[in-house]
Amino acid sequence: MNRSTATLLAGALALATGTEAQQIRYPETRRSHQTDDYHGTRVADPYRWLEDTDAPETRRWIEAQNRLTAGWLAGVPQRAAIARRLTELWNYERWGVPFRRGGRVFSFRNDGLQNQSVLYVQPSLADAPRVLLDPNALSPDGTVSLSTTSVSEDGRLLAYGVSSGGSDWQEFRVRDVDTGRDLPDRVRWVKFSGAEWTPDGRGFFYARYPEPTGNALTSALANQRLYYHRVGTPQSEDVLVYERPDRPTWGFDPEVTDDGRWLVVTVWEGSDPANRVFVRDLGDPAAPRLTGGMLPLMEEADAGWHFVGSRGTVLYFRTDAEAPRGRIVAVDLRAPERSAWRTVVPQTEDALTDARIVDGHFVAEYLHDAHSRVRLLTLEGRPVRDLELPTLGSVGAVTGEQGDTEIFYSFTSFLYPSTVFRHELRTGRTETVFAPKTGFDPARYTTEQVFYTSRDGARVPMFLTYRKDLERDGSNPTQLYGYGGFSWNLTPFYSVPVLVWLEMGGIYATPNLRGGAEYGEEWHRAGMLERKQNVFDDFIAAAEYLVREKYTSPEKLAVSGDSNGGLLVGAVVNQRPELFGASLPAVGVMDMLRYHKFTIGWGWVPEYGSADDPRQFPWLYAYSPLHNLRPGARYPATLVTTGDHDDRVVPGHSFKYAAALQAAQGGEAPVLVPVETRAGHGAGKPTSMQIEEAADKLAFLVRVLGMRPAGM
């Protein structure tokens with residue numbers, strides 16, 4: 001919620017501290033008679049009106065829910081101390097991974113509590129950095145953020161996207177690196193696209209949608225088109241490079257090869273892991289041709305194809321075609337027939353998650369049991385060396401281009417803050433570029449990886465982080481965080497809210513559920529469409545393992561997840577409400593029958609299926625969080641969080657679910673739904689807002705789990 005409003009209302013509806021026996025009086029939520037027919041099954045949707053976020057009745061409902069939540073949280077005496085500790089631990093300098101363009105070094109940095117990280121430029125790492133772009137100056141409350149940045153090859157121009165209030169919509173602007181001043185260029189209605197410069201630095205390729213005719217935050221998206229913008233010209237003069245009006249759900253991701261010869265266009269369709277690839281010959285890099293035919297290199301979406309780099313007419317791709325854990329293939333455009341393609345890096349036991357070409361090497365990133373490995377290989381696929389990583393953890397961004405002789409990369413883990421390294425490819429030497437100094441002492445804690453068995457016998461890994469002196473007596477408050485979808489890998493990460501949770505005596509558990517791609521595309525496909533129940537079974541089995549092994553007990557166990565993870569939380573709480581003491585679904589996909597009708601929701605049909613399909617409707621209806629609440633059941637204490645500018649998972653999901661859960665709740669545990677204003681799905685959220693949201697969640701858990709954290 002808006003924090004100033006929350007402060008004014010904080011005490012208005014406070015409940016008695018220390019007990020949940022008093023029944024909460026929820027705001028009245030009107031029920032309509034809306035009913036829909038799905039292939040002969042009548043389904044009620046009484047809170048349909050809450051889908052209209054801007055309607056006066058919805059705004060009054062939001063205000064009432066925010067007053068209730070503010071009053072309830074005012075009854076948690078530890079909240080102020082939690083917020084102070086979050087602020088203390090968040091206040092440390094952080095660096096992004098540097099990258100070079102035109103002999104200059106660019107990097108993002110945050111001095112600790114800045115709402116948005118600042119982009120710096122410097123002649124070399126040894127020179128003093130200069131502020132190039134400070135997004136904190138774009139809005140007083142930090143809710144205007146950078147969504148993308150792209151520097152021309154000569155390092156003279158920066159194309160950057162800005163997003164307001166957490167929306168996925170971007171406006172592209174162009175800044176002169178030498179002067180630090182913006183040029184007149186403005187490119188609007190960009191979503192799900194970056195800016196890809198041509199080597200001459202005169203312009204960039206990008207993809208955008210037509211200007212919306214309805215509500216820009218809820219209207220369904222269609223007909224993305226690929227354009228070229230020449231610097232110094234109005235958007236109305238941008239060159240249309242490619243469109244497919246016969247394929248309104250196609251999207252386009254452009255990349256220009258390092259030599260400037262080829263435009264490689266990845267054609268995506270929603271969340272489908274399989275994609276197409278088209279190629280256009282740009283000719284002379286000094287004067288690229290912007291028109292001409294597209295060569296459909298991968299014309300059928302039969303696998304995932306990801307461009308790695310090129311050498312002359314040879315393009316290299318990372319793919320799961322005939323290799324679910326990934327391989328690298330070479331395609332010579334002089335003989336583009338599939339029969340002529342050759343494997344240069346074959347599939348291994350580990351999952352290949354990314355690759356790039358730097359100084360004549362493949363820099364290949366792998367996952368081994370959900371933690372990172374980085375391997376250097378020749379372009380013929382011969383191993384050179386593996387990078388030595390500090391501990392079990394995650395490699396973040398890796399930067400470097402073909403003409404470089406070094407790479408920069410970051411590494412992090414649950415107890416290891418993100419640290420930036422430089423590796424010289426020719427000597428094998430690695431040095432630390434930046435190691436943060438935090439106020440957290442990791443020596444008192446440990447991370448272990450365990451494996452447990454899911455309902456169908458699948459072996460699932462899980463990371464557990466906790467104090468070294470922990471007693472496994474079933475009394476430890478525990479957060480179980482999951483995702484399980486869209487090939488997204490849940491690898492170790494450093495999080496200030498997690499650190500505060502650990503200091504309060506909590507356990508943090510992250511299982512690698514099916515639906516991710518920690519073990520390749522087979523692991524992903526085992527948790528999608530009609531197999532989505534496997535994800536819920538994996539999560540439930542993780543909870544049962546924690547209870548069985550006496551790490552915790554149901555009354556001390558909280559489940560949390562964001563977006564698809566919010567769906568996960570809602571589904572497992574419906575299926576096993578007695579197994580959890582609290583749930584924290586954030587920006588969740590809660591209405592599985594209507595999710596595809598808003599913004600980019602249709603793009604998730606390859607992952608979930610669609611209620612419009614009579615074959616797929618039954619499995620969606622069977623687990624949809626909104627539609628499987630049972631009136632009178634005793635549900636765990638629940639804090640449903642969302643933002644009113646979320647145009648990816650529209651807030652109507654959370655509004656309808658929270659209203660239905662409040663009506664269904666047969667127990668005394670609270671169901672609260674704070675709504676953050678000027679916030680979206682999560683990207684670009686200012687630091688101050690993140691601290692307040694984390695303080696609310698941790699305070700909620702302290703109260704409902706009966707915690708007594710020392711010193712708070």
# chains A, B, ... in the order shown; residues from 1 in each chain; ligands from 1

call {"tool": "residues_around", "arguments": {"residues": "Pro254 (chain A)", "least_positions_apart": "4", "cutoff": "7 Å", "atoms": "only C-alpha atoms", "output": "compact mmCIF listing (two decimals) with C-alpha atoms, in the first residue's frame"}}
result
# COMPACT_ATOMS: atom_id res chain seq x y z
CA GLU A 196 19.92 -3.83 -30.85
CA PHE A 205 16.33 -2.60 -34.14
CA TYR A 206 13.49 -3.05 -31.67
CA LEU A 263 20.39 -9.86 -38.38
CA VAL A 264 19.27 -12.91 -36.40
CA VAL A 265 15.59 -12.73 -35.40
CA THR A 266 14.29 -15.10 -32.76

call {"tool": "residues_around", "arguments": {"residues": "Arg130 (chain A)", "least_positions_apart": "5", "cutoff": "10 Å", "atoms": "only C-alpha atoms", "output": "mmCIF file with N, CA and C atoms, in the first residue's frame"}}
result
data_model
loop_
_atom_site.group_PDB
_atom_site.id
_atom_site.type_symbol
_atom_site.label_atom_id
_atom_site.label_comp_id
_atom_site.auth_asym_id
_atom_site.auth_seq_id
_atom_site.Cartn_x
_atom_site.Cartn_y
_atom_site.Cartn_z
ATOM 1 N N PHE A 106 31.321 0.139 -18.733
ATOM 2 C CA PHE A 106 30.022 0.549 -18.211
ATOM 3 C C PHE A 106 29.611 -0.414 -17.104
ATOM 4 N N LEU A 119 23.778 3.982 -13.581
ATOM 5 C CA LEU A 119 24.692 3.539 -14.633
ATOM 6 C C LEU A 119 25.894 4.480 -14.689
ATOM 7 N N TYR A 120 27.093 3.895 -14.592
ATOM 8 C CA TYR A 120 28.345 4.646 -14.634
ATOM 9 C C TYR A 120 29.136 4.278 -15.890
ATOM 10 N N VAL A 121 30.033 5.185 -16.282
ATOM 11 C CA VAL A 121 30.965 4.923 -17.377
ATOM 12 C C VAL A 121 32.347 5.365 -16.934
ATOM 13 N N GLN A 122 33.399 4.679 -17.407
ATOM 14 C CA GLN A 122 34.765 5.040 -17.066
ATOM 15 C C GLN A 122 35.694 4.570 -18.191
ATOM 16 N N PRO A 123 36.802 5.270 -18.419
ATOM 17 C CA PRO A 123 37.725 4.861 -19.481
ATOM 18 C C PRO A 123 38.305 3.472 -19.254
ATOM 19 N N GLY A 180 26.376 13.278 -21.692
ATOM 20 C CA GLY A 180 25.394 12.885 -20.690
ATOM 21 C C GLY A 180 24.020 13.469 -20.935
#

call {"tool": "select_by_dssp", "arguments": {"residues": "region 312-530 of chain A", "states": "alpha helix (DSSP H)", "output": "list in words"}}
result
Val496, Pro497, Val498, Leu499, Val500, Trp501, Leu502, Glu503, Glu521, Glu522, Trp523, His524 and Arg525 of chain A

call {"tool": "closest_residue", "arguments": {"among": "A:Thr510, A:Ser610, A:Asn115, A:Thr35", "to": "Met689 (chain A)", "atoms": "only C-alpha atoms"}}
result
A:Asn115

call {"tool": "atom_distance", "arguments": {"atom1": "CA of Gly457 (chain A)", "atom2": "CA of Arg634 (chain A)"}}
result
29.7 Å

call {"tool": "residues_around", "arguments": {"residues": "Ala435 (chain A)", "least_positions_apart": "6", "cutoff": "8 Å", "atoms": "only C-alpha atoms", "output": "JSON, numbers by chain"}}
result
{"A": [417, 418, 419, 420]}

call {"tool": "closest_residue", "arguments": {"among": "A:Leu579, A:Leu68, A:Leu557, A:Ala541", "to": "Gly706 (chain A)", "atoms": "only C-alpha atoms"}}
result
A:Leu557

call {"tool": "residues_around", "arguments": {"residues": "Gly505 (chain A)", "least_positions_apart": "5", "cutoff": "8 Å", "atoms": "only C-alpha atoms", "output": "compact mmCIF listing (two decimals) with all heavy atoms, in the first residue's frame"}}
result
# COMPACT_ATOMS: atom_id res chain seq x y z
N TYR A 466 20.19 -22.16 7.28
CA TYR A 466 19.76 -21.98 8.68
C TYR A 466 20.98 -21.78 9.57
O TYR A 466 22.13 -21.93 9.14
CB TYR A 466 18.96 -23.20 9.16
CG TYR A 466 19.64 -24.53 8.89
CD1 TYR A 466 20.59 -25.04 9.76
CD2 TYR A 466 19.31 -25.28 7.76
CE1 TYR A 466 21.21 -26.25 9.52
CE2 TYR A 466 19.91 -26.49 7.50
CZ TYR A 466 20.87 -26.97 8.38
OH TYR A 466 21.50 -28.17 8.13
N ARG A 467 20.73 -21.45 10.84
CA ARG A 467 21.80 -21.29 11.81
C ARG A 467 22.48 -22.63 12.09
O ARG A 467 21.83 -23.68 12.15
CB ARG A 467 21.27 -20.71 13.12
CG ARG A 467 20.94 -19.23 13.03
CD ARG A 467 20.43 -18.70 14.35
NE ARG A 467 21.39 -18.91 15.44
CZ ARG A 467 21.43 -18.19 16.55
NH1 ARG A 467 20.57 -17.20 16.72
NH2 ARG A 467 22.31 -18.44 17.48
N ASN A 476 11.09 -25.02 14.54
CA ASN A 476 11.72 -23.91 13.84
C ASN A 476 10.78 -23.29 12.79
O ASN A 476 10.28 -23.99 11.91
CB ASN A 476 12.98 -24.39 13.13
CG ASN A 476 13.99 -24.98 14.09
OD1 ASN A 476 14.53 -24.29 14.94
ND2 ASN A 476 14.23 -26.28 13.97
N PRO A 477 10.56 -21.99 12.87
CA PRO A 477 9.78 -21.33 11.81
C PRO A 477 10.52 -21.48 10.48
O PRO A 477 11.74 -21.27 10.41
CB PRO A 477 9.69 -19.88 12.27
CG PRO A 477 10.81 -19.71 13.24
CD PRO A 477 11.03 -21.03 13.89
N PRO A 709 11.42 -13.39 18.07
CA PRO A 709 12.81 -13.18 17.68
C PRO A 709 13.58 -12.38 18.71
O PRO A 709 13.10 -11.37 19.23
CB PRO A 709 12.70 -12.41 16.35
CG PRO A 709 11.33 -11.80 16.38
CD PRO A 709 10.47 -12.74 17.17

call {"tool": "residues_around", "arguments": {"residues": "Ala159 (chain A)", "least_positions_apart": "6", "cutoff": "6 Å", "atoms": "only C-alpha atoms", "output": "list in words"}}
result
Thr149, Ser150, Arg173 and Val174 of chain A

call {"tool": "write_last_selection", "arguments": {"atoms": "N, CA, C and O atoms", "output": "PDB file, in the first residue's frame"}}
result
ATOM      1  N   THR A 149      18.935  -1.320 -21.219  1.00  0.00           N
ATOM      2  CA  THR A 149      19.994  -0.427 -21.675  1.00  0.00           C
ATOM      3  C   THR A 149      20.781  -1.124 -22.778  1.00  0.00           C
ATOM      4  O   THR A 149      20.966  -2.345 -22.748  1.00  0.00           O
ATOM      5  N   SER A 150      21.243  -0.346 -23.750  1.00  0.00           N
ATOM      6  CA  SER A 150      22.037  -0.889 -24.852  1.00  0.00           C
ATOM      7  C   SER A 150      22.967   0.202 -25.343  1.00  0.00           C
ATOM      8  O   SER A 150      22.515   1.298 -25.701  1.00  0.00           O
ATOM      9  N   ARG A 173      14.672   5.989 -25.036  1.00  0.00           N
ATOM     10  CA  ARG A 173      15.324   7.271 -25.227  1.00  0.00           C
ATOM     11  C   ARG A 173      16.784   7.021 -25.597  1.00  0.00           C
ATOM     12  O   ARG A 173      17.290   5.907 -25.446  1.00  0.00           O
ATOM     13  N   VAL A 174      17.455   8.065 -26.075  1.00  0.00           N
ATOM     14  CA  VAL A 174      18.851   7.940 -26.504  1.00  0.00           C
ATOM     15  C   VAL A 174      19.669   9.032 -25.827  1.00  0.00           C
ATOM     16  O   VAL A 174      19.273  10.203 -25.815  1.00  0.00           O
TER      17      VAL A 174
END

call {"tool": "residues_around", "arguments": {"residues": "Gly360 (chain A)", "least_positions_apart": "3", "cutoff": "12 Å", "atoms": "only C-alpha atoms", "output": "PDB file with N, CA, C and O atoms, in the first residue's frame"}}
result
ATOM      1  N   GLY A 309      26.508 -16.946 -31.287  1.00  0.00           N
ATOM      2  CA  GLY A 309      27.501 -16.100 -31.924  1.00  0.00           C
ATOM      3  C   GLY A 309      27.742 -16.572 -33.340  1.00  0.00           C
ATOM      4  O   GLY A 309      27.090 -17.501 -33.828  1.00  0.00           O
ATOM      5  N   SER A 310      28.699 -15.936 -34.021  1.00  0.00           N
ATOM      6  CA  SER A 310      28.939 -16.287 -35.422  1.00  0.00           C
ATOM      7  C   SER A 310      30.415 -16.174 -35.744  1.00  0.00           C
ATOM      8  O   SER A 310      31.178 -15.476 -35.072  1.00  0.00           O
ATOM      9  N   ARG A 311      30.821 -16.853 -36.801  1.00  0.00           N
ATOM     10  CA  ARG A 311      32.125 -16.723 -37.433  1.00  0.00           C
ATOM     11  C   ARG A 311      31.891 -16.745 -38.940  1.00  0.00           C
ATOM     12  O   ARG A 311      31.601 -17.801 -39.496  1.00  0.00           O
ATOM     13  N   ARG A 356      28.133 -18.076 -24.865  1.00  0.00           N
ATOM     14  CA  ARG A 356      28.514 -16.940 -25.699  1.00  0.00           C
ATOM     15  C   ARG A 356      29.902 -17.220 -26.247  1.00  0.00           C
ATOM     16  O   ARG A 356      30.637 -18.084 -25.735  1.00  0.00           O
ATOM     17  N   ILE A 357      30.282 -16.488 -27.304  1.00  0.00           N
ATOM     18  CA  ILE A 357      31.608 -16.618 -27.889  1.00  0.00           C
ATOM     19  C   ILE A 357      32.428 -15.401 -27.497  1.00  0.00           C
ATOM     20  O   ILE A 357      32.025 -14.258 -27.734  1.00  0.00           O
ATOM     21  N   VAL A 363      32.015 -19.739 -23.935  1.00  0.00           N
ATOM     22  CA  VAL A 363      31.868 -19.637 -22.486  1.00  0.00           C
ATOM     23  C   VAL A 363      30.502 -20.233 -22.177  1.00  0.00           C
ATOM     24  O   VAL A 363      29.470 -19.608 -22.452  1.00  0.00           O
ATOM     25  N   LEU A 376      34.921 -23.429 -20.290  1.00  0.00           N
ATOM     26  CA  LEU A 376      35.464 -22.841 -21.510  1.00  0.00           C
ATOM     27  C   LEU A 376      35.814 -23.954 -22.478  1.00  0.00           C
ATOM     28  O   LEU A 376      36.440 -24.962 -22.094  1.00  0.00           O
ATOM     29  N   LEU A 377      35.399 -23.764 -23.754  1.00  0.00           N
ATOM     30  CA  LEU A 377      35.669 -24.754 -24.784  1.00  0.00           C
ATOM     31  C   LEU A 377      36.112 -24.033 -26.052  1.00  0.00           C
ATOM     32  O   LEU A 377      35.765 -22.865 -26.276  1.00  0.00           O
ATOM     33  N   THR A 378      36.848 -24.723 -26.916  1.00  0.00           N
ATOM     34  CA  THR A 378      37.175 -24.155 -28.211  1.00  0.00           C
ATOM     35  C   THR A 378      35.930 -24.181 -29.093  1.00  0.00           C
ATOM     36  O   THR A 378      34.929 -24.834 -28.771  1.00  0.00           O
ATOM     37  N   LEU A 379      35.998 -23.495 -30.234  1.00  0.00           N
ATOM     38  CA  LEU A 379      34.852 -23.494 -31.142  1.00  0.00           C
ATOM     39  C   LEU A 379      34.671 -24.852 -31.823  1.00  0.00           C
ATOM     40  O   LEU A 379      33.644 -25.080 -32.473  1.00  0.00           O
ATOM     41  N   GLU A 380      35.630 -25.742 -31.652  1.00  0.00           N
ATOM     42  CA  GLU A 380      35.454 -27.123 -32.116  1.00  0.00           C
ATOM     43  C   GLU A 380      34.894 -28.011 -31.014  1.00  0.00           C
ATOM     44  O   GLU A 380      34.662 -29.206 -31.224  1.00  0.00           O
ATOM     45  N   GLY A 381      34.673 -27.422 -29.817  1.00  0.00           N
ATOM     46  CA  GLY A 381      34.060 -28.166 -28.723  1.00  0.00           C
ATOM     47  C   GLY A 381      35.029 -28.830 -27.781  1.00  0.00           C
ATOM     48  O   GLY A 381      34.613 -29.570 -26.877  1.00  0.00           O
ATOM     49  N   ARG A 382      36.330 -28.582 -27.921  1.00  0.00           N
ATOM     50  CA  ARG A 382      37.300 -29.197 -27.020  1.00  0.00           C
ATOM     51  C   ARG A 382      37.348 -28.438 -25.697  1.00  0.00           C
ATOM     52  O   ARG A 382      37.472 -27.194 -25.692  1.00  0.00           O
ATOM     53  N   VAL A 384      38.620 -26.590 -22.466  1.00  0.00           N
ATOM     54  CA  VAL A 384      39.819 -25.830 -22.116  1.00  0.00           C
ATOM     55  C   VAL A 384      40.006 -25.841 -20.605  1.00  0.00           C
ATOM     56  O   VAL A 384      41.021 -26.297 -20.092  1.00  0.00           O
ATOM     57  N   GLY A 400      31.053 -10.152 -22.218  1.00  0.00           N
ATOM     58  CA  GLY A 400      32.228 -10.301 -23.065  1.00  0.00           C
ATOM     59  C   GLY A 400      31.785 -10.501 -24.497  1.00  0.00           C
ATOM     60  O   GLY A 400      30.763 -11.140 -24.753  1.00  0.00           O
ATOM     61  N   GLU A 401      32.557  -9.930 -25.438  1.00  0.00           N
ATOM     62  CA  GLU A 401      32.249 -10.069 -26.847  1.00  0.00           C
ATOM     63  C   GLU A 401      33.416 -10.737 -27.557  1.00  0.00           C
ATOM     64  O   GLU A 401      34.487 -10.950 -26.977  1.00  0.00           O
ATOM     65  N   GLN A 402      33.222 -11.035 -28.841  1.00  0.00           N
ATOM     66  CA  GLN A 402      34.229 -11.805 -29.561  1.00  0.00           C
ATOM     67  C   GLN A 402      35.586 -11.137 -29.549  1.00  0.00           C
ATOM     68  O   GLN A 402      36.615 -11.803 -29.457  1.00  0.00           O
ATOM     69  N   GLY A 403      35.619  -9.810 -29.620  1.00  0.00           N
ATOM     70  CA  GLY A 403      36.898  -9.117 -29.673  1.00  0.00           C
ATOM     71  C   GLY A 403      37.583  -8.961 -28.330  1.00  0.00           C
ATOM     72  O   GLY A 403      38.722  -8.479 -28.267  1.00  0.00           O
ATOM     73  N   ASP A 404      36.923  -9.351 -27.250  1.00  0.00           N
ATOM     74  CA  ASP A 404      37.512  -9.230 -25.915  1.00  0.00           C
ATOM     75  C   ASP A 404      38.403 -10.429 -25.612  1.00  0.00           C
ATOM     76  O   ASP A 404      38.267 -11.502 -26.195  1.00  0.00           O
ATOM     77  N   THR A 405      39.298 -10.258 -24.654  1.00  0.00           N
ATOM     78  CA  THR A 405      40.138 -11.368 -24.192  1.00  0.00           C
ATOM     79  C   THR A 405      39.838 -11.701 -22.737  1.00  0.00           C
ATOM     80  O   THR A 405      40.612 -12.414 -22.099  1.00  0.00           O
ATOM     81  N   GLU A 406      38.735 -11.181 -22.238  1.00  0.00           N
ATOM     82  CA  GLU A 406      38.359 -11.399 -20.850  1.00  0.00           C
ATOM     83  C   GLU A 406      36.845 -11.481 -20.747  1.00  0.00           C
ATOM     84  O   GLU A 406      36.117 -11.054 -21.646  1.00  0.00           O
ATOM     85  N   LEU A 425      40.963 -14.977 -20.477  1.00  0.00           N
ATOM     86  CA  LEU A 425      40.793 -16.238 -21.199  1.00  0.00           C
ATOM     87  C   LEU A 425      42.125 -16.842 -21.627  1.00  0.00           C
ATOM     88  O   LEU A 425      42.265 -18.072 -21.679  1.00  0.00           O
ATOM     89  N   ARG A 426      43.118 -16.023 -21.930  1.00  0.00           N
ATOM     90  CA  ARG A 426      44.376 -16.556 -22.464  1.00  0.00           C
ATOM     91  C   ARG A 426      45.320 -17.038 -21.378  1.00  0.00           C
ATOM     92  O   ARG A 426      46.129 -17.943 -21.606  1.00  0.00           O
TER      93      ARG A 426
END

call {"tool": "closest_residue", "arguments": {"among": "A:Leu367, A:Val177, A:Ala543, A:Ala582", "to": "Ser152 (chain A)", "atoms": "only C-alpha atoms"}}
result
A:Val177

call {"tool": "decode", "arguments": {"residues": "region 123-131 of chain A", "atoms": "all heavy atoms", "output": "tab-separated table (two decimals), in the first residue's frame"}}
result
chain	number	residue	atom	x	y	z
A	123	PRO	N	36.80	5.27	-18.42
A	123	PRO	CA	37.73	4.86	-19.48
A	123	PRO	C	38.31	3.47	-19.25
A	123	PRO	O	38.55	2.72	-20.21
A	123	PRO	CB	38.82	5.95	-19.43
A	123	PRO	CG	38.15	7.13	-18.81
A	123	PRO	CD	37.19	6.55	-17.81
A	124	SER	N	38.57	3.12	-18.00
A	124	SER	CA	39.05	1.78	-17.65
A	124	SER	C	38.66	1.51	-16.21
A	124	SER	O	38.23	2.42	-15.48
A	124	SER	CB	40.57	1.70	-17.81
A	124	SER	OG	41.22	2.44	-16.77
A	125	LEU	N	38.83	0.27	-15.76
A	125	LEU	CA	38.47	-0.07	-14.39
A	125	LEU	C	39.31	0.69	-13.38
A	125	LEU	O	38.90	0.87	-12.23
A	125	LEU	CB	38.62	-1.58	-14.17
A	125	LEU	CG	37.54	-2.47	-14.76
A	125	LEU	CD1	37.90	-3.94	-14.60
A	125	LEU	CD2	36.19	-2.19	-14.09
A	126	ALA	N	40.49	1.13	-13.80
A	126	ALA	CA	41.38	1.85	-12.88
A	126	ALA	C	41.02	3.32	-12.76
A	126	ALA	O	41.51	4.01	-11.86
A	126	ALA	CB	42.83	1.72	-13.34
A	127	ASP	N	40.17	3.83	-13.67
A	127	ASP	CA	39.81	5.24	-13.65
A	127	ASP	C	38.56	5.49	-12.83
A	127	ASP	O	37.75	4.58	-12.61
A	127	ASP	CB	39.59	5.74	-15.08
A	127	ASP	CG	40.86	5.70	-15.91
A	127	ASP	OD1	41.87	6.26	-15.46
A	127	ASP	OD2	40.83	5.09	-17.00
A	128	ALA	N	38.40	6.74	-12.40
A	128	ALA	CA	37.22	7.11	-11.63
A	128	ALA	C	35.97	7.03	-12.50
A	128	ALA	O	35.98	7.49	-13.65
A	128	ALA	CB	37.38	8.52	-11.07
A	129	PRO	N	34.88	6.45	-12.00
A	129	PRO	CA	33.65	6.36	-12.79
A	129	PRO	C	32.91	7.69	-12.81
A	129	PRO	O	33.04	8.52	-11.90
A	129	PRO	CB	32.85	5.29	-12.05
A	129	PRO	CG	33.31	5.40	-10.63
A	129	PRO	CD	34.76	5.78	-10.69
A	130	ARG	N	32.14	7.89	-13.87
A	130	ARG	CA	31.30	9.07	-14.02
A	130	ARG	C	29.85	8.63	-14.18
A	130	ARG	O	29.57	7.65	-14.89
A	130	ARG	CB	31.74	9.87	-15.26
A	130	ARG	CG	30.78	10.96	-15.70
A	130	ARG	CD	31.37	11.80	-16.82
A	130	ARG	NE	31.66	11.04	-18.02
A	130	ARG	CZ	30.78	10.80	-19.00
A	130	ARG	NH1	29.53	11.26	-18.90
A	130	ARG	NH2	31.13	10.12	-20.08
A	131	VAL	N	28.94	9.32	-13.52
A	131	VAL	CA	27.52	8.99	-13.65
A	131	VAL	C	27.08	9.28	-15.08
A	131	VAL	O	27.23	10.39	-15.59
A	131	VAL	CB	26.66	9.80	-12.66
A	131	VAL	CG1	25.18	9.57	-12.94
A	131	VAL	CG2	26.99	9.41	-11.23
